[in-house]
Amino acid sequence: MLRVFQHHMVKRVAGAILIGLLVLVMTGPQGNGSEPTSGFTGSFSEHMSFFGFFTPPRWITFALLALVLSLLVMFAKYSHRAWRRAQESGAAAARAVASAAARVKYVRSRRSGRYSGYALLVLLGIFLPRIITSQSWQTNIVQLVAVYILLAIGLNVVTGFAGLLDLGFVAFYAIGAYTTAWVTGALPTSPPFGIHFNTFFAIPFAIILAMAFGVVLGIPTLRLRGDYLAIVTLGFGEIIFIFANNLYGITGGSTGTNQIPYLSVHLGPLKYLWGLTPQPYYYLTLAFIVLFLMIFSSLEHSRVGRAWVAIREDEVAAESLGIYPLKYKVMAFAIGAASAGFAGVITASQTLFVTPPTFSLSFSINILVLVIFGGMGSIAGVVVGGLVIQGFVVYMIQSPPAWYNPADLYMYLGALLIVMMIFRPAGLLPSRRRLREVTQVESGVARDQMLTHIGPHNRVEEEL
Amino acid sequence: MMLKVENAVVRYGAITALHGISFEVNQGEVVTLLGANGAGKSTTLRMLSGLHAPSSGTITFEGQEITKVKAHLFTTMGISHVPEGRRIFPEMTVQENLEMGAFGRKDNYDDDMERMFTLFPILKDRRKQLGGNLSGGEQQMLAISRAMMSHPRLLLLDEPSMGLAPMIIDQIFGIIAEIRKSGTTVLVVEQNAAQALRLADRGYVMENGVIAFSDDASKLLHDPRIRAVYLGESIE
């Protein structure tokens, strides 16, 4: 009898049933004092719609959902295998797609190919407001695509380049946004030096302050590695959130800040006001994205970038070669924080006030998803990943199909991520180094094995 | 005297790994630290490369006290460490690995790169290959040449023969002799006592975190205590 439970299929099904039961009860009705068990029993007996087709009791709906999900996973696996087989047997369509993919890979591998790819992206960026002319579309593109891409390329420096898992990246974004409010006098505390600065000056203030916080947070915490670091950064994100929410005298607490003035420049002959229309914000953000991309990509190929790779691959070895890990990790933190700080300025000055709920944990995770989806450590990948996912989000907000319920957004994104992990585990446009890491892990070669492998021929070589 | 360790005590939390060891390495020598698993050899090397500071005792290098100096500063002082298990960067090419070895240097190191390629011709052939795709012996050669890229006056080797075929071990020890001829002092930690003693000038034998005895390598090679414990009776 016990043997049966050890079979992996039985284990898998039992695990799925347990998780299903948990979700069933967790999402069920609340109980009440007079009938303490009503929440539990109601979770099973209350009726719930199955995609609007019919409305059976909840437990039937859940069973059907589980069935659909497992069919989907099976289908994904099957189609993945079928795709491979088709490629091997040389079906014309599969061959065509494969050769197109090889072509993309080839173009990306050439410098001229990469640069024309970047030029194309920038051109698309410049002409986008001519293609999409609706104001609400444009506002959403600034707030939900451009700002997210800014954050993702910053997090990519920390997580992709230096290999530090940061789950509290939103903190630097919050610092940028609150600095904007502070500098322009929209907080209960008086602005720096008692002067109400023009909003435009919030940009250097926010970037410098975010970087400073990166250093201050980094020095004590970056001595930790891996999971421990992730936990500490998670804590830092929450601390910033709780500070923003509870320090009424400084941040305005849960009601948020006072009104922040529009962004404007007033420097001698140079005068400009970013008003209600989203387009000027769009171009400012685009300019800064390009600027940050240029800085980050030249950093990636510099001495600092090589030190990051060394630390990511083997911290002890890096240290023994004269690289001070703490220094370069703190640098990654501070540099990544810069673009997040700027993103905070854009959000604060366009939405005109800042409230704490914006800076929740789910935001940090959302940014991390963009980085993973696009390809950790690949700048082009992260930008394209941001465009795809956040573009989808904006599309669903602007012209939702009839069947779409906004509350389900993360469900769809989660499904998308799962499919991605099955088909392209290294991301949409993976960096070459990361791709190798993933393929080697997939073929069963753990890093430790690679390091201490015994004998004249390495397994890696045979399997690649 | 190049390197002098006096009464060094190293603790990992409540466990004391080194109970006050003292030894020295002279300019131009090859010195070997022998001992069984857990004797404290690797801990000694970790201490000597700044990865684990001693809780008491002193380390002097070329007349300068370096007891509390941090690990990343050792290469600039002239000490280079080839860590246990080689620890090459698996996702970097051979050439990139060597470049990382010269990280602390501001001057041109092309000549040194060429020198390493003449010392290890196989690395030149594999220049563009990933470190992780090399065989164990090649990885060890890469680890040694990477450490040599910083122009050390003292080279610390932690178990260079670990997990390698006998023929490759001979080759590696040949290279170490070569390195010594070029003027670099070498401290090598080994379990392979026969190989290490044939190469070395002097040897220290560690047991349970203390140095049990020491002598000239040629004498240790014929010492009955060594022969019984480390060499069996198979030698010569």
# chains A, B, ... in the order shown; residues from 1 in each chain; ligands from 1

call {"tool": "interface_residues", "arguments": {"of": "chain B", "to": "chain A", "cutoff": "7 Å", "atoms": "only C-alpha atoms", "output": "list in words"}}
result
Ala71, His72, Leu73, Phe74, Thr75, His81, Gly85, Arg86, Arg87, Ile88, Phe89, Glu91, Gly101, Phe103, Gly104, Gly132, Asn133, Leu134, Ser135, Gly136, Gly137, Gly163, Leu164 and Ala165 of chain B

call {"tool": "residues_around", "arguments": {"residues": "Leu65 of chain A", "least_positions_apart": "2", "cutoff": "12 Å", "atoms": "only C-alpha atoms", "output": "ChimeraX atom specification"}}
result
/A:16-17,20,23-24,48-51,58-63,67-72

call {"tool": "residues_around", "arguments": {"residues": "Leu33 of chain B", "least_positions_apart": "6", "cutoff": "8 Å", "atoms": "only C-alpha atoms", "output": "list in words"}}
result
Lys41, Leu187, Val188, Val189, Glu190, Gly203, Tyr204, Val205 and Met206 of chain B

call {"tool": "residues_around", "arguments": {"residues": "Gln195 of chain B", "least_positions_apart": "3", "cutoff": "10 Å", "atoms": "only C-alpha atoms", "output": "MDAnalysis selection string"}}
result
chainID B and resid 161 169:170 173 190:192 198:200 221

call {"tool": "write_last_selection", "arguments": {"atoms": "all heavy atoms", "output": "short mmCIF file (atom, residue, chain, number, x, y, z; two decimals), in the first residue's frame"}}
result
data_model
loop_
_atom_site.label_atom_id
_atom_site.label_comp_id
_atom_site.auth_asym_id
_atom_site.auth_seq_id
_atom_site.Cartn_x
_atom_site.Cartn_y
_atom_site.Cartn_z
N SER B 161 47.38 18.20 -7.57
CA SER B 161 47.24 16.88 -8.20
C SER B 161 45.85 16.29 -8.00
O SER B 161 45.57 15.21 -8.50
CB SER B 161 48.27 15.91 -7.63
OG SER B 161 47.90 15.53 -6.32
N ILE B 169 49.65 14.48 -13.59
CA ILE B 169 50.28 14.97 -12.37
C ILE B 169 51.76 15.23 -12.63
O ILE B 169 52.29 16.29 -12.27
CB ILE B 169 50.10 13.96 -11.22
CG1 ILE B 169 48.62 13.82 -10.89
CG2 ILE B 169 50.88 14.41 -9.98
CD1 ILE B 169 48.32 12.81 -9.82
N ASP B 170 52.42 14.29 -13.32
CA ASP B 170 53.84 14.48 -13.65
C ASP B 170 54.03 15.79 -14.41
O ASP B 170 54.94 16.57 -14.13
CB ASP B 170 54.33 13.33 -14.54
CG ASP B 170 54.58 12.07 -13.72
OD1 ASP B 170 54.67 12.21 -12.48
OD2 ASP B 170 54.68 10.98 -14.30
N PHE B 173 53.62 18.81 -12.12
CA PHE B 173 54.77 19.04 -11.25
C PHE B 173 55.98 19.52 -12.04
O PHE B 173 56.80 20.28 -11.55
CB PHE B 173 55.07 17.78 -10.43
CG PHE B 173 54.26 17.72 -9.17
CD1 PHE B 173 53.01 17.11 -9.16
CD2 PHE B 173 54.72 18.31 -8.01
CE1 PHE B 173 52.24 17.09 -8.01
CE2 PHE B 173 53.96 18.29 -6.85
CZ PHE B 173 52.71 17.68 -6.86
N GLU B 190 49.92 19.33 -0.41
CA GLU B 190 49.68 18.10 -1.18
C GLU B 190 49.31 16.92 -0.30
O GLU B 190 49.71 16.84 0.85
CB GLU B 190 50.94 17.73 -1.97
CG GLU B 190 50.87 18.04 -3.45
CD GLU B 190 49.67 17.42 -4.16
OE1 GLU B 190 49.12 16.42 -3.69
OE2 GLU B 190 49.28 17.96 -5.22
N GLN B 191 48.52 16.00 -0.90
CA GLN B 191 48.33 14.71 -0.27
C GLN B 191 49.27 13.70 -0.92
O GLN B 191 49.62 12.70 -0.33
CB GLN B 191 46.89 14.23 -0.48
CG GLN B 191 45.91 15.01 0.33
CD GLN B 191 44.68 14.20 0.64
OE1 GLN B 191 44.72 12.98 0.66
NE2 GLN B 191 43.58 14.88 0.92
N ASN B 192 49.61 14.01 -2.16
CA ASN B 192 50.50 13.14 -2.93
C ASN B 192 51.93 13.41 -2.48
O ASN B 192 52.69 14.14 -3.11
CB ASN B 192 50.32 13.46 -4.40
CG ASN B 192 51.01 12.46 -5.28
OD1 ASN B 192 52.01 11.86 -4.88
ND2 ASN B 192 50.51 12.27 -6.47
N ARG B 198 59.60 15.00 -3.91
CA ARG B 198 60.63 14.93 -4.95
C ARG B 198 60.89 16.32 -5.53
O ARG B 198 61.98 16.63 -5.95
CB ARG B 198 60.21 13.97 -6.06
CG ARG B 198 60.74 12.57 -5.79
CD ARG B 198 60.50 11.67 -6.99
NE ARG B 198 59.76 10.50 -6.56
CZ ARG B 198 58.65 10.05 -7.11
NH1 ARG B 198 58.13 10.70 -8.14
NH2 ARG B 198 58.08 8.98 -6.65
N LEU B 199 59.86 17.14 -5.53
CA LEU B 199 59.99 18.47 -6.10
C LEU B 199 60.53 19.47 -5.07
O LEU B 199 61.33 20.35 -5.40
CB LEU B 199 58.60 18.94 -6.59
CG LEU B 199 58.48 20.39 -7.03
CD1 LEU B 199 59.08 20.54 -8.42
CD2 LEU B 199 57.02 20.82 -7.04
N ALA B 200 60.13 19.30 -3.80
CA ALA B 200 60.35 20.35 -2.81
C ALA B 200 61.76 20.34 -2.23
O ALA B 200 62.50 19.35 -2.34
CB ALA B 200 59.33 20.19 -1.68
N LEU B 221 61.54 12.10 2.57
CA LEU B 221 61.19 11.06 1.61
C LEU B 221 61.60 9.69 2.13
O LEU B 221 60.99 8.68 1.80
CB LEU B 221 61.89 11.37 0.28
CG LEU B 221 61.35 10.76 -0.99
CD1 LEU B 221 59.85 11.00 -1.12
CD2 LEU B 221 62.06 11.35 -2.19
#

call {"tool": "closest_residue", "arguments": {"among": "B:Thr76, B:Thr93, B:Thr60, B:Gln139", "to": "Asn26 of chain B", "atoms": "only C-alpha atoms"}}
result
B:Thr60

call {"tool": "select_by_dssp", "arguments": {"residues": "segment 38-220 of chain B", "states": "helix (DSSP H, G or I)", "output": "PyMOL selection string"}}
result
chain B and resi 41-48+71-77+94-101+110-119+121-125+131-133+136-148+166-181+193-199+217-220

call {"tool": "residues_around", "arguments": {"residues": "Val145 of chain A", "least_positions_apart": "6", "cutoff": "9 Å", "atoms": "only C-alpha atoms", "output": "VMD selection string"}}
result
chain A and resid 386 to 387 389 to 391 393 to 394

call {"tool": "closest_atom_pairs", "arguments": {"of": "segment 169-203 of chain A", "to": "segment 366-372 of chain A", "cutoff": "12 Å", "atoms": "only C-alpha atoms", "output": "JSON lines"}}
result
{"residue": "A:Phe169", "atom": "CA", "partner": "A:Ile367", "partner_atom": "CA", "distance": 8.2}
{"residue": "A:Val170", "atom": "CA", "partner": "A:Ile367", "partner_atom": "CA", "distance": 8.4}
{"residue": "A:Tyr173", "atom": "CA", "partner": "A:Ile367", "partner_atom": "CA", "distance": 11.1}

call {"tool": "write_last_selection", "arguments": {"atoms": "all heavy atoms", "output": "compact mmCIF listing (two decimals), in the first residue's frame"}}
result
# COMPACT_ATOMS: atom_id res chain seq x y z
N PHE A 169 13.81 45.65 -5.17
CA PHE A 169 14.29 46.70 -6.06
C PHE A 169 13.36 47.90 -6.07
O PHE A 169 13.78 49.03 -6.31
CB PHE A 169 14.43 46.13 -7.47
CG PHE A 169 15.25 47.00 -8.38
CD1 PHE A 169 16.59 47.21 -8.13
CD2 PHE A 169 14.68 47.62 -9.48
CE1 PHE A 169 17.36 48.02 -8.95
CE2 PHE A 169 15.45 48.41 -10.32
CZ PHE A 169 16.77 48.62 -10.05
N VAL A 170 12.08 47.66 -5.79
CA VAL A 170 11.10 48.74 -5.78
C VAL A 170 11.50 49.86 -4.81
O VAL A 170 11.11 51.00 -4.96
CB VAL A 170 9.70 48.17 -5.45
CG1 VAL A 170 9.61 47.77 -3.99
CG2 VAL A 170 8.61 49.15 -5.81
N TYR A 173 13.00 52.76 -6.52
CA TYR A 173 11.95 53.46 -7.27
C TYR A 173 11.18 54.37 -6.31
O TYR A 173 10.93 55.54 -6.60
CB TYR A 173 11.06 52.40 -7.90
CG TYR A 173 9.85 52.84 -8.66
CD1 TYR A 173 9.94 53.78 -9.68
CD2 TYR A 173 8.61 52.27 -8.40
CE1 TYR A 173 8.82 54.14 -10.40
CE2 TYR A 173 7.49 52.61 -9.12
CZ TYR A 173 7.59 53.56 -10.12
OH TYR A 173 6.49 53.90 -10.84

call {"tool": "residues_around", "arguments": {"residues": "segment 201-213 of chain A", "least_positions_apart": "4", "cutoff": "7 Å", "atoms": "only C-alpha atoms", "output": "VMD selection string"}}
result
chain A and resid 172 175 to 176 179 to 180 183 197 217 334 to 335 337 to 338 341 to 342 345
